[in-house]
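The file structure.cif contains mmCIF, C-alpha atoms:
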data_start
loop_
_atom_site.label_atom_id
_atom_site.label_comp_id
_atom_site.auth_asym_id
_atom_site.auth_seq_id
_atom_site.Cartn_x
_atom_site.Cartn_y
_atom_site.Cartn_z
CA MET A 1 -3.08 125.83 92.14
CA THR A 2 -2.56 125.97 88.40
CA LEU A 3 0.72 126.27 86.63
CA PRO A 4 1.40 129.63 85.06
CA ARG A 5 1.60 129.37 81.31
CA ASP A 6 1.87 132.99 80.42
CA PRO A 7 3.92 133.32 77.22
CA GLU A 8 4.83 136.84 78.32
CA LEU A 9 6.98 135.70 81.19
CA PRO A 10 9.48 138.37 82.21
CA GLN A 11 12.49 138.50 79.91
CA ALA A 12 14.82 140.94 81.62
CA ALA A 13 18.59 140.88 81.44
CA ALA A 14 20.21 137.90 83.05
CA ASN A 15 23.74 138.06 81.84
CA ASP A 16 25.30 134.66 82.26
CA VAL A 17 22.17 132.55 82.45
CA PRO A 18 21.29 130.93 79.12
CA ARG A 19 17.70 132.09 78.91
CA LEU A 20 15.01 130.15 77.17
CA ASP A 21 11.66 131.54 76.25
CA SER A 22 8.53 129.44 75.91
CA ALA A 23 8.67 129.48 72.10
CA THR A 24 12.15 127.95 72.04
CA VAL A 25 11.08 125.37 74.58
CA ALA A 26 8.00 124.48 72.55
CA THR A 27 10.03 123.85 69.39
CA GLU A 28 12.85 122.09 71.15
CA PHE A 29 10.75 120.00 73.46
CA SER A 30 9.67 117.25 71.16
CA GLY A 31 9.24 113.97 72.95
CA PRO A 32 11.62 111.06 72.69
CA SER A 33 14.23 112.61 70.40
CA ARG A 34 17.54 113.72 71.89
CA GLN A 35 16.80 116.28 74.56
CA THR A 36 18.28 119.68 73.91
CA ILE A 37 17.08 121.33 77.08
CA ALA A 38 17.32 120.09 80.62
CA ALA A 39 15.86 121.31 83.88
CA CYS A 40 18.30 121.60 86.79
CA PRO A 41 17.43 118.98 89.45
CA ASP A 42 18.46 121.39 92.22
CA CYS A 43 16.85 124.68 91.15
CA ASP A 44 14.52 123.76 88.24
CA LEU A 45 16.06 126.29 85.84
CA LEU A 46 15.77 125.35 82.17
CA ASN A 47 19.18 125.18 80.54
CA SER A 48 19.94 124.39 76.92
CA LEU A 49 22.36 121.50 76.62
CA PRO A 50 25.57 122.19 74.71
CA GLU A 51 25.74 121.25 71.03
CA ASN A 52 29.21 119.89 71.53
CA PRO A 53 28.65 116.51 73.24
CA HIS A 54 32.11 116.60 74.84
CA ALA A 55 31.40 119.71 76.88
CA THR A 56 30.51 119.63 80.56
CA MET A 57 27.37 121.56 81.33
CA LEU A 58 26.74 123.31 84.64
CA CYS A 59 23.48 124.93 85.67
CA GLY A 60 23.80 128.65 84.99
CA ARG A 61 22.14 129.59 88.26
CA CYS A 62 23.12 127.14 91.00
CA GLY A 63 26.14 125.36 89.51
CA ALA A 64 24.82 121.78 89.58
CA VAL A 65 26.36 119.46 86.99
CA LEU A 66 23.70 118.86 84.33
CA TYR A 67 25.69 116.96 81.77
CA ARG A 68 29.16 115.52 81.62
CA HIS A 69 30.73 113.61 78.76
CA HIS A 70 31.73 110.01 79.57
CA PRO A 71 33.88 108.48 76.84
CA ASN A 72 33.30 104.81 76.06
CA SER A 73 31.04 104.57 79.08
CA ILE A 74 29.34 101.20 78.55
CA ASP A 75 32.61 99.27 78.05
CA ARG A 76 34.34 100.94 80.95
CA SER A 77 31.51 100.60 83.48
CA LEU A 78 30.90 97.01 82.44
CA SER A 79 34.51 95.94 82.93
CA LEU A 80 34.81 97.81 86.23
CA THR A 81 31.57 96.28 87.49
CA LEU A 82 32.83 92.78 86.64
CA ALA A 83 36.07 93.53 88.49
CA ALA A 84 34.09 94.82 91.45
CA LEU A 85 31.99 91.66 91.54
CA VAL A 86 35.10 89.46 91.74
CA LEU A 87 36.58 91.66 94.48
CA PHE A 88 33.25 91.54 96.31
CA LEU A 89 33.34 87.73 96.39
CA LEU A 90 36.94 87.82 97.67
CA SER A 91 36.10 90.40 100.33
CA ASN A 92 33.27 88.35 101.72
CA SER A 93 35.02 84.97 101.70
CA PHE A 94 38.20 85.88 103.59
CA PRO A 95 38.62 87.33 107.09
CA PHE A 96 39.46 91.02 107.15
CA LEU A 97 40.99 91.18 110.60
CA ALA A 98 42.53 88.60 112.88
CA MET A 99 43.36 89.21 116.51
CA LYS A 100 46.20 87.34 118.19
CA SER A 101 46.38 87.25 121.94
CA GLY A 102 48.54 84.66 123.69
CA GLY A 103 48.19 81.81 121.24
CA PHE A 104 44.53 82.55 120.76
CA ILE A 105 43.45 83.70 117.29
CA GLN A 106 40.11 85.29 116.59
CA GLU A 107 39.26 85.94 112.95
CA THR A 108 36.32 87.83 111.57
CA THR A 109 34.71 88.22 108.18
CA LEU A 110 32.08 90.81 107.41
CA LEU A 111 29.30 88.24 107.69
CA THR A 112 30.42 86.82 111.04
CA GLY A 113 30.51 90.38 112.41
CA ILE A 114 26.91 90.87 111.36
CA HIS A 115 25.96 87.47 112.80
CA GLU A 116 27.57 88.48 116.11
CA LEU A 117 25.43 91.64 116.29
CA TRP A 118 22.36 89.53 115.59
CA LYS A 119 23.24 87.13 118.43
CA GLN A 120 23.52 90.08 120.82
CA GLU A 121 19.85 90.95 120.22
CA LEU A 122 20.81 93.90 118.01
CA GLN A 123 18.89 92.68 114.96
CA GLY A 124 18.17 96.18 113.70
CA LEU A 125 21.84 97.07 113.59
CA ALA A 126 22.71 93.74 112.03
CA ILE A 127 20.20 94.35 109.24
CA LEU A 128 21.48 97.91 108.74
CA VAL A 129 25.08 96.76 108.37
CA LEU A 130 24.04 93.87 106.14
CA LEU A 131 22.09 96.24 103.88
CA THR A 132 24.64 99.03 103.65
CA CYS A 133 27.78 96.89 103.26
CA VAL A 134 26.60 93.73 101.54
CA LEU A 135 23.16 93.76 99.96
CA VAL A 136 23.03 97.30 98.50
CA PRO A 137 26.48 97.13 96.86
CA LEU A 138 25.69 93.63 95.55
CA ALA A 139 22.35 94.80 94.16
CA GLN A 140 24.03 97.77 92.51
CA MET A 141 26.63 95.57 90.81
CA LEU A 142 24.12 92.95 89.63
CA GLY A 143 21.77 95.70 88.48
CA LEU A 144 24.48 97.36 86.40
CA LEU A 145 25.44 94.03 84.84
CA TYR A 146 21.80 93.35 83.99
CA ILE A 147 21.51 96.72 82.25
CA LEU A 148 24.90 96.92 80.58
CA LEU A 149 25.41 93.37 79.28
CA PRO A 150 22.57 93.42 76.70
CA LEU A 151 23.61 96.90 75.58
CA LYS A 152 27.20 95.75 75.14
CA LEU A 153 26.10 92.68 73.18
CA GLY A 154 23.96 94.87 70.93
CA ARG A 155 20.70 93.26 72.03
CA ARG A 156 17.47 94.94 73.05
CA PRO A 157 17.54 96.33 76.62
CA ALA A 158 16.73 93.65 79.21
CA LEU A 159 13.20 93.33 80.55
CA GLY A 160 12.48 96.09 83.06
CA ALA A 161 15.96 97.56 82.63
CA ALA A 162 14.70 101.13 83.12
CA ARG A 163 13.16 100.18 86.45
CA VAL A 164 16.34 98.40 87.50
CA PHE A 165 18.46 101.43 86.63
CA ARG A 166 16.10 103.66 88.61
CA LEU A 167 16.51 101.39 91.63
CA VAL A 168 20.29 101.29 91.23
CA GLN A 169 20.35 105.09 91.34
CA GLU A 170 17.91 105.32 94.24
CA VAL A 171 19.80 102.93 96.54
CA ALA A 172 23.18 104.52 95.77
CA PRO A 173 23.35 106.68 98.95
CA TRP A 174 22.83 103.54 101.06
CA GLY A 175 25.88 101.68 99.81
CA MET A 176 28.51 102.59 102.39
CA MET A 177 31.47 100.32 101.78
CA GLU A 178 33.95 103.20 101.84
CA VAL A 179 32.66 104.23 105.25
CA PHE A 180 33.08 100.64 106.42
CA MET A 181 36.70 100.73 105.23
CA VAL A 182 37.36 103.72 107.49
CA GLY A 183 35.66 101.76 110.28
CA ILE A 184 38.11 98.89 109.75
CA LEU A 185 41.07 101.28 110.00
CA VAL A 186 39.74 102.87 113.19
CA ALA A 187 39.15 99.43 114.74
CA LEU A 188 42.70 98.43 113.75
CA VAL A 189 44.19 101.33 115.70
CA LYS A 190 41.75 100.97 118.57
CA LEU A 191 42.66 97.35 119.20
CA GLY A 192 46.33 97.82 118.35
CA HIS A 193 47.36 98.27 121.98
CA MET A 194 45.20 95.41 123.29
CA ALA A 195 46.48 92.63 121.07
CA THR A 196 48.28 91.94 117.82
CA ILE A 197 45.98 92.71 114.93
CA VAL A 198 46.68 91.14 111.55
CA PRO A 199 44.91 92.64 108.53
CA GLY A 200 43.57 89.84 106.35
CA THR A 201 43.23 89.32 102.59
CA SER A 202 39.83 90.89 102.70
CA VAL A 203 41.08 94.33 103.78
CA PHE A 204 43.08 94.66 100.57
CA SER A 205 40.37 93.36 98.27
CA PHE A 206 37.90 95.59 100.07
CA GLY A 207 40.10 98.63 99.45
CA ALA A 208 40.34 97.75 95.75
CA LEU A 209 36.59 97.07 95.61
CA ILE A 210 35.79 100.58 96.79
CA PHE A 211 37.85 102.09 93.97
CA ALA A 212 36.39 99.71 91.38
CA MET A 213 32.83 100.57 92.43
CA ALA A 214 33.47 104.31 92.51
CA ALA A 215 35.13 104.14 89.08
CA ALA A 216 32.31 102.02 87.61
CA PHE A 217 29.77 104.60 88.71
CA SER A 218 31.76 107.62 87.60
CA CYS A 219 32.24 106.09 84.12
CA LEU A 220 28.51 105.57 83.82
CA ASP A 221 26.71 107.95 81.48
CA PRO A 222 23.13 108.31 82.78
CA HIS A 223 22.08 110.41 79.79
CA LEU A 224 23.21 107.79 77.31
CA LEU A 225 21.72 104.95 79.36
CA TRP A 226 18.34 106.60 79.76
CA ASP A 227 18.32 107.23 76.03
CA ARG A 228 19.04 103.57 75.26
CA LEU A 229 16.64 102.20 77.91
CA ASP A 230 13.73 104.40 76.83
CA LEU A 231 10.52 102.46 77.52
CA ARG A 232 8.78 104.15 74.60
CA ARG A 233 10.90 102.47 71.96
CA MET B 1 20.13 138.44 91.03
CA LYS B 2 19.08 136.41 88.03
CA GLU B 3 15.39 136.41 88.74
CA ASN B 4 14.07 136.20 85.24
CA ALA B 5 15.32 132.86 84.14
CA ILE B 6 12.60 130.37 83.30
CA THR B 7 12.04 127.24 85.30
CA ALA B 8 10.43 124.01 84.16
CA TYR B 9 7.57 124.59 86.61
CA GLN B 10 6.66 127.94 85.03
CA LEU B 11 6.19 126.27 81.66
CA GLY B 12 4.11 123.39 83.02
CA LEU B 13 6.95 120.91 82.66
CA VAL B 14 8.05 118.43 85.29
CA ASN B 15 11.61 117.20 85.59
CA CYS B 16 11.58 113.46 86.39
CA HIS B 17 13.44 112.87 89.69
CA ASP B 18 15.09 109.73 88.46
CA CYS B 19 15.87 110.06 84.76
CA HIS B 20 15.62 113.86 84.38
CA LEU B 21 13.26 113.67 81.44
CA LEU B 22 11.20 116.83 80.97
CA VAL B 23 7.54 115.89 80.82
CA GLU B 24 4.59 118.13 80.06
CA ILE B 25 1.80 117.62 82.60
CA PRO B 26 -1.81 118.78 82.26
CA HIS B 27 -2.10 120.21 85.80
CA ALA B 28 -0.01 120.30 88.93
CA HIS B 29 -1.88 117.59 90.81
CA ALA B 30 -2.05 114.95 88.12
CA ASP B 31 -0.65 111.63 89.35
CA LEU B 32 1.49 110.63 86.40
CA LEU B 33 4.29 108.21 85.74
CA CYS B 34 7.38 109.14 83.79
CA PRO B 35 6.96 107.77 80.24
CA ARG B 36 10.65 106.90 80.07
CA CYS B 37 11.51 105.32 83.43
CA GLY B 38 8.14 104.82 85.16
CA ALA B 39 8.85 106.94 88.27
CA HIS B 40 6.09 109.04 89.85
CA LEU B 41 6.21 112.61 88.60
CA HIS B 42 5.95 115.54 90.98
CA PRO B 43 6.69 119.18 90.19
CA ARG B 44 8.23 119.35 93.69
CA LYS B 45 8.83 116.61 96.24
CA PRO B 46 5.47 116.07 98.01
CA ASN B 47 5.11 117.63 101.50
CA SER B 48 8.80 118.35 101.46
CA LEU B 49 8.94 120.83 104.35
CA ALA B 50 6.62 118.91 106.68
CA ARG B 51 8.45 115.64 106.12
CA THR B 52 11.88 117.15 106.58
CA TRP B 53 10.75 118.95 109.73
CA ALA B 54 9.24 115.79 111.25
CA LEU B 55 12.35 113.72 110.53
CA VAL B 56 14.65 116.44 111.89
CA CYS B 57 12.65 116.57 115.14
CA ALA B 58 12.83 112.78 115.49
CA ALA B 59 16.58 112.87 114.91
CA ILE B 60 17.08 115.59 117.54
CA ILE B 61 15.22 113.51 120.13
CA LEU B 62 17.25 110.38 119.33
CA TYR B 63 20.49 112.37 119.30
CA ILE B 64 20.28 112.78 123.10
CA PRO B 65 20.29 109.09 124.16
CA ALA B 66 22.82 108.43 121.39
CA ASN B 67 25.30 110.68 123.19
CA VAL B 68 24.39 109.98 126.81
CA LEU B 69 24.11 106.18 126.81
CA PRO B 70 27.12 103.87 126.36
CA MET B 71 28.12 102.87 122.85
CA THR B 72 30.28 99.90 123.86
CA ILE B 73 30.63 97.94 127.09
CA THR B 74 34.09 96.41 127.53
CA THR B 75 34.72 93.66 130.03
CA ALA B 76 38.44 93.14 130.57
CA LEU B 77 39.79 90.89 133.35
CA GLY B 78 36.66 91.19 135.41
CA SER B 79 36.33 94.98 135.29
CA LYS B 80 33.52 96.52 133.28
CA GLN B 81 33.81 99.77 131.38
CA ALA B 82 31.04 101.56 129.49
CA ASP B 83 32.09 104.05 126.80
CA THR B 84 29.92 106.75 125.30
CA ILE B 85 30.86 108.40 122.01
CA ILE B 86 32.49 111.35 123.77
CA SER B 87 34.36 109.25 126.34
CA GLY B 88 35.73 107.19 123.46
CA VAL B 89 37.03 110.37 121.83
CA ILE B 90 38.61 111.56 125.09
CA TYR B 91 40.20 108.13 125.61
CA PHE B 92 41.91 108.35 122.21
CA MET B 93 43.13 111.87 122.87
CA GLN B 94 44.71 110.83 126.16
CA ASN B 95 46.35 107.85 124.50
CA GLY B 96 48.02 110.07 121.96
CA SER B 97 46.16 108.86 118.87
CA TRP B 98 44.54 112.22 118.22
CA GLU B 99 44.01 111.40 114.51
CA ILE B 100 41.56 108.65 115.45
CA ALA B 101 40.00 110.91 118.08
CA MET B 102 39.47 113.50 115.36
CA VAL B 103 37.97 111.00 112.87
CA ILE B 104 35.49 109.77 115.48
CA PHE B 105 34.70 113.26 116.74
CA ILE B 106 34.05 114.63 113.25
CA ALA B 107 32.07 111.60 112.05
CA SER B 108 30.00 110.96 115.18
CA VAL B 109 29.55 114.32 116.88
CA PHE B 110 30.32 117.16 114.52
CA VAL B 111 28.73 115.89 111.27
CA PRO B 112 25.32 114.85 112.71
CA PHE B 113 25.11 118.09 114.71
CA VAL B 114 26.04 120.35 111.80
CA LYS B 115 23.77 118.40 109.47
CA LEU B 116 20.78 118.90 111.76
CA CYS B 117 21.59 122.63 112.11
CA ILE B 118 21.83 123.06 108.32
CA LEU B 119 18.55 121.25 107.72
CA ILE B 120 16.76 123.35 110.38
CA PHE B 121 18.22 126.48 108.81
CA LEU B 122 17.15 125.44 105.29
CA VAL B 123 13.61 124.54 106.34
CA LEU B 124 13.21 127.79 108.28
CA SER B 125 14.67 129.88 105.46
CA VAL B 126 12.16 128.43 102.99
CA ARG B 127 9.34 128.71 105.51
CA PHE B 128 10.06 132.41 106.08
CA ARG B 129 10.56 133.00 102.36
CA SER B 130 14.16 134.12 102.65
CA THR B 131 15.87 135.37 99.50
CA TRP B 132 19.30 135.31 101.12
CA ARG B 133 22.08 133.80 98.95
CA PRO B 134 20.11 130.96 97.33
CA LYS B 135 23.15 129.55 95.56
CA ASP B 136 25.05 129.14 98.83
CA ARG B 137 22.05 127.54 100.47
CA THR B 138 21.85 125.06 97.59
CA ILE B 139 25.53 124.24 98.11
CA LEU B 140 24.85 123.74 101.84
CA TYR B 141 22.13 121.29 100.90
CA ARG B 142 24.41 119.32 98.58
CA LEU B 143 26.95 119.20 101.41
CA THR B 144 24.48 117.63 103.85
CA GLU B 145 23.60 114.98 101.26
CA LEU B 146 27.27 114.21 100.76
CA VAL B 147 28.63 114.00 104.31
CA GLY B 148 25.71 112.33 106.14
CA ARG B 149 26.79 108.78 105.33
CA TRP B 150 30.18 109.21 107.01
CA SER B 151 28.55 109.25 110.43
CA MET B 152 28.11 105.51 110.07
CA VAL B 153 31.82 104.99 110.83
CA ASP B 154 31.22 104.52 114.55
CA ILE B 155 28.52 101.91 113.96
CA TYR B 156 30.92 99.93 111.79
CA VAL B 157 33.69 100.20 114.37
CA VAL B 158 31.32 98.78 116.98
CA THR B 159 30.35 95.94 114.61
CA ILE B 160 34.00 95.01 114.10
CA LEU B 161 34.92 95.28 117.80
CA VAL B 162 31.96 93.16 118.84
CA ALA B 163 32.85 90.47 116.32
CA LEU B 164 36.57 90.47 117.03
CA VAL B 165 36.92 90.86 120.77
CA LYS B 166 35.49 87.65 122.19
CA LEU B 167 38.31 86.38 124.38
CA GLY B 168 36.05 84.98 127.05
CA ALA B 169 37.29 85.94 130.50
CA ILE B 170 40.18 88.08 129.22
CA ALA B 171 38.24 90.64 127.22
CA THR B 172 34.80 90.97 125.65
CA ILE B 173 33.14 93.94 123.97
CA VAL B 174 29.37 94.23 123.75
CA ALA B 175 27.44 96.89 121.82
CA GLY B 176 25.63 99.34 124.12
CA PRO B 177 22.15 100.82 123.70
CA ALA B 178 23.50 104.06 122.18
CA ALA B 179 24.53 102.14 119.06
CA VAL B 180 20.89 101.64 118.10
CA TYR B 181 19.96 105.28 118.82
CA PHE B 182 22.97 106.58 116.96
CA ALA B 183 22.29 104.41 113.91
CA SER B 184 18.70 105.70 113.92
CA VAL B 185 19.95 109.30 113.97
CA VAL B 186 22.14 108.66 110.93
CA VAL B 187 19.41 106.88 108.97
CA ILE B 188 16.71 109.43 109.87
CA THR B 189 18.88 112.44 108.96
CA MET B 190 19.67 110.77 105.63
CA PHE B 191 15.94 110.47 104.95
CA ALA B 192 15.44 114.06 106.11
CA ALA B 193 18.02 115.35 103.64
CA GLU B 194 16.44 113.26 100.90
CA SER B 195 12.95 114.63 101.53
CA PHE B 196 14.04 118.28 101.37
CA ASP B 197 13.60 119.80 97.92
CA PRO B 198 16.27 122.42 97.13
CA ARG B 199 14.09 123.86 94.36
CA LEU B 200 11.88 125.36 97.09
CA ILE B 201 14.76 127.72 97.87
CA TRP B 202 14.54 129.09 94.34
CA ASP B 203 10.73 129.11 94.07
CA VAL B 204 10.55 131.90 96.65
CA ILE B 205 12.85 134.02 94.53
CA GLU B 206 10.82 133.51 91.36
CA GLU B 207 7.52 134.26 93.08
CA ASP B 208 8.88 137.48 94.53
CA VAL B 209 9.74 138.97 91.15
#

Any chance you could give the structure as C-alpha cells?
Amino acid sequence: MTLPRDPELPQAAANDVPRLDSATVATEFSGPSRQTIAACPDCDLLNSLPENPHATMLCGRCGAVLYRHHPNSIDRSLSLTLAALVLFLLSNSFPFLAMKSGGFIQETTLLTGIHELWKQELQGLAILVLLTCVLVPLAQMLGLLYILLPLKLGRRPALGAARVFRLVQEVAPWGMMEVFMVGILVALVKLGHMATIVPGTSVFSFGALIFAMAAAFSCLDPHLLWDRLDLRR
Amino acid sequence: MKENAITAYQLGLVNCHDCHLLVEIPHAHADLLCPRCGAHLHPRKPNSLARTWALVCAAIILYIPANVLPMTITTALGSKQADTIISGVIYFMQNGSWEIAMVIFIASVFVPFVKLCILIFLVLSVRFRSTWRPKDRTILYRLTELVGRWSMVDIYVVTILVALVKLGAIATIVAGPAAVYFASVVVITMFAAESFDPRLIWDVIEEDV
C-alpha cells in the first residue's frame, strides 16, 4: 500500500468545506513554525486554521473542535491545578461519610474503602478504584504542575515535559472522580433508611476538587503548550 | 456529500495522535516517532477493526455474569440477601426512590448495552463499507467515548457500601462476584472505544469517489 500523491486530486465543488490543494499544503506546511493547517483527529480532513487567533475552529466536515482560543491559559490552569492539589489532600485526609447506628460510628475515607476491598480478596477492584480515583488524578495534577511551572517562571521547559504532557492527555479518560462523586450520592441515599449517614468534610472538598480539575483542564491550551514544549527547539 | 475535500492521508501526511502535529512520512508502514512529542505515528490506528471487534466480543461475554451474579451480598440480623444489578434497581423503585433507580439503571444497564450496540454497528458499517450518514456516525462514536466512564458508578457505590457497612452482627455488606465482571465490562468497552478509529468511517467515502 502506498500513499496517493497525485497532485491532480479531485477538486470539485464542496461548498462549506475549506478546501486545500496540495500546492497550498506544500507552501504552508513548513516544519516547526506556527501551523496554519490542521488535520481533523476524527475524520482526517485538512482544515486551514483561522488567521484570527481568537476564533474557534470546527472541522468543516465532521464538526470536531480543532482549535479554541484559551485566554491567559498558563496562569489560569496553573492556579486551578494548585487549588486542585490542596483540595485533593483535604479529600483524602478526611472521612467522606460516617454512619451512625445506635451509638456506633463507622467512618470511611477513600483509602480505607479501597483497603476494605483489598481485604475481601477483591484486589483487582481495589487497584481499579485506586487508579481511577486517586493515582490518575494525582498524576494529572503533578504532571500539569511539572509542565506549567517552568513555563510560568519563564524558564526552559522541564526535562521530558513533552512526554509528560502526552501521558497526562492519555490517562485523562481514566480519571473518574466525578463518577465517584455520583457514587457517594447514590450510597448516601441507599443507606439513608438503614442508619443515619453524615456527610464528612471530604464530600465538600471532593465536590470542589471536581470543578477545579475540570476548570484546570478546560483552561489548558494544548496548541500553545505543544508549541512551547516542542522537542526540536 | 463533500467527497472532494483533501485528507492528510491523501497527501502523505500523518496527524500525530497526541499532539496533532502534521508530519510527512516516506511511506505508510514506516515506524516513526513524532518529532515534537515522541509518540508513535500511524496514519490510522493499527488493526483498529480487529482490536475493537475482539474487545467488544469479550465485553459481551462478561456482560452476562455481570448481570446474572450478585453485585452485593447483605447480611442483616442473620438473614442473607444477594442483590444483582437489576434487583437493586427494582428495590429502589419499590422504595419510592425512582431517581436513584434511574441513575443506576442508566449507568449500569442502559449505557453499557447501548455502547456495545453502537460499537458493533460502527465496526460493521466500516466493514461493509457503508456510506450512510458519516457525520452522524462520527457523533455516535464521540458519544460512546464520552458516556462509557459513567458506568463505573455502581462499582464505586459497592466500594463505599463495603467500606461503610461493617456493623458486625447487625449488618454487613460484601461485594459479590458480579462486581469484578461488571468492572471488566466497563474497562474493556473503554479500551474498545479507544481502539476504534473514526477516520475509517470517512476513508470509505473518499475511496468510493

Problem set entry | Residues of chain B within 7 Å of chain A, counting only C-alpha atoms, as an NGL selection string | :B and (2 or 4-8 or 10-12 or 15 or 18-19 or 22 or 27-28 or 35-38 or 100 or 135 or 150 or 152-154 or 156-157 or 159-164 or 180 or 198-199 or 202)

For this session: Go through the shown structure with the PyMOL selection byres ((chain B and resi 148) around 9) and write out the matching residues as JSON, numbers by chain.
Result: {"B": [107, 111, 112, 115, 143, 144, 145, 146, 147, 149, 150, 151, 152, 186, 187, 189, 190, 193]}

Any chance you could export the current selection's C-alpha atoms as a short mmCIF file (atom, residue, chain, number, x, y, z; two decimals), keeping the file's coordinate frame?
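Dumped to out.cif:
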data_model
loop_
_atom_site.label_atom_id
_atom_site.label_comp_id
_atom_site.auth_asym_id
_atom_site.auth_seq_id
_atom_site.Cartn_x
_atom_site.Cartn_y
_atom_site.Cartn_z
CA ALA B 107 32.07 111.60 112.05
CA VAL B 111 28.73 115.89 111.27
CA PRO B 112 25.32 114.85 112.71
CA LYS B 115 23.77 118.40 109.47
CA LEU B 143 26.95 119.20 101.41
CA THR B 144 24.48 117.63 103.85
CA GLU B 145 23.60 114.98 101.26
CA LEU B 146 27.27 114.21 100.76
CA VAL B 147 28.63 114.00 104.31
CA ARG B 149 26.79 108.78 105.33
CA TRP B 150 30.18 109.21 107.01
CA SER B 151 28.55 109.25 110.43
CA MET B 152 28.11 105.51 110.07
CA VAL B 186 22.14 108.66 110.93
CA VAL B 187 19.41 106.88 108.97
CA THR B 189 18.88 112.44 108.96
CA MET B 190 19.67 110.77 105.63
CA ALA B 193 18.02 115.35 103.64
#

Exercise. Any idea what the distance is between atom CA of Ala54 of chain B and atom CA of Cys117 of chain B?
Worked result: 14.1 Å

Exercise. Looking at all atoms listed in the file, which of A:Leu58, A:Leu82, A:Leu159, A:Met177 is the one that sits closest to Met141 of chain A?
Worked result: A:Leu82

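Using all atoms listed in the file, the shortest contact distance between Ile104 of chain B and any of B:Leu119, B:Gly88, B:Arg133, B:Cys16 is found at B:Gly88.
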
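Of note, atom CA of Val68 of chain B and atom CA of Leu55 of chain B are spaced 20.6 Å apart.
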
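Distance-wise, atom CA of Ala66 of chain B and atom CA of Pro177 of chain B end up 8.0 Å apart.
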
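Nearest-residue note for Leu85 of chain A: choosing from A:Val203, A:Ile210, A:Met57, A:Val65, the minimum distance belongs to A:Ile210, counting only C-alpha atoms.
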
Mind giving me the axis-aligned box for segment 120-130 of chain B with 5 Å on every side, centre plus edges in Å to one decimal, as JSON?
{"center_x": 13.8, "center_y": 128.7, "center_z": 106.4, "size_x": 18.9, "size_y": 20.8, "size_z": 18.0}

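Nearest residue to Ile61 of chain B, choosing from B:Phe191, B:Leu116, B:Pro46, B:Ile155 and counting all atoms listed in the file: B:Leu116.
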
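Between Leu13 of chain B and the candidates B:Tyr181, B:His42, B:Asp31, B:Asn95, the tightest atom-to-atom separation, counting all atoms listed in the file, involves B:His42.
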
For this session: Pick out the closest residue to Tyr146 of chain A from this set: A:Thr81, A:Ala55, A:Ala172, A:Asn92. Count all atoms listed in the file.
Result: A:Thr81

For this session: Kindly provide, as a PyMOL selection string, the polymer residues lying within 10 Å of (5.1, 111.1, 93.2), counting all atoms listed in the file and using the coordinates exactly as they appear in the file.
Result: chain B and resi 16-17+29-34+39-46

Residue selection dump (C-alpha atoms) as a PDB file, keeping the file's coordinate frame:
ATOM      1  CA  CYS B  16      11.580 113.460  86.390  1.00  0.00           C
ATOM      2  CA  HIS B  17      13.440 112.870  89.690  1.00  0.00           C
ATOM      3  CA  HIS B  29      -1.880 117.590  90.810  1.00  0.00           C
ATOM      4  CA  ALA B  30      -2.050 114.950  88.120  1.00  0.00           C
ATOM      5  CA  ASP B  31      -0.650 111.630  89.350  1.00  0.00           C
ATOM      6  CA  LEU B  32       1.490 110.630  86.400  1.00  0.00           C
ATOM      7  CA  LEU B  33       4.290 108.210  85.740  1.00  0.00           C
ATOM      8  CA  CYS B  34       7.380 109.140  83.790  1.00  0.00           C
ATOM      9  CA  ALA B  39       8.850 106.940  88.270  1.00  0.00           C
ATOM     10  CA  HIS B  40       6.090 109.040  89.850  1.00  0.00           C
ATOM     11  CA  LEU B  41       6.210 112.610  88.600  1.00  0.00           C
ATOM     12  CA  HIS B  42       5.950 115.540  90.980  1.00  0.00           C
ATOM     13  CA  PRO B  43       6.690 119.180  90.190  1.00  0.00           C
ATOM     14  CA  ARG B  44       8.230 119.350  93.690  1.00  0.00           C
ATOM     15  CA  LYS B  45       8.830 116.610  96.240  1.00  0.00           C
ATOM     16  CA  PRO B  46       5.470 116.070  98.010  1.00  0.00           C
TER      17      PRO B  46
END

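Residue neighbourhood of Phe206 of chain A, excluding near-sequence residues (fewer than 2 positions): A:Leu87, A:Phe88, A:Ser91, A:Met181, A:Ser202, A:Val203, A:Phe204, A:Ala208, A:Leu209, A:Ile210, at 8 Å, using only C-alpha atoms.
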
For this session: Name the residues that the PyMOL selection byres ((chain B and resi 80) around 12) pulls out of this structure, and write them as a VMD selection string.
Result: chain B and resid 70 72 to 79 81 to 83 169 to 174
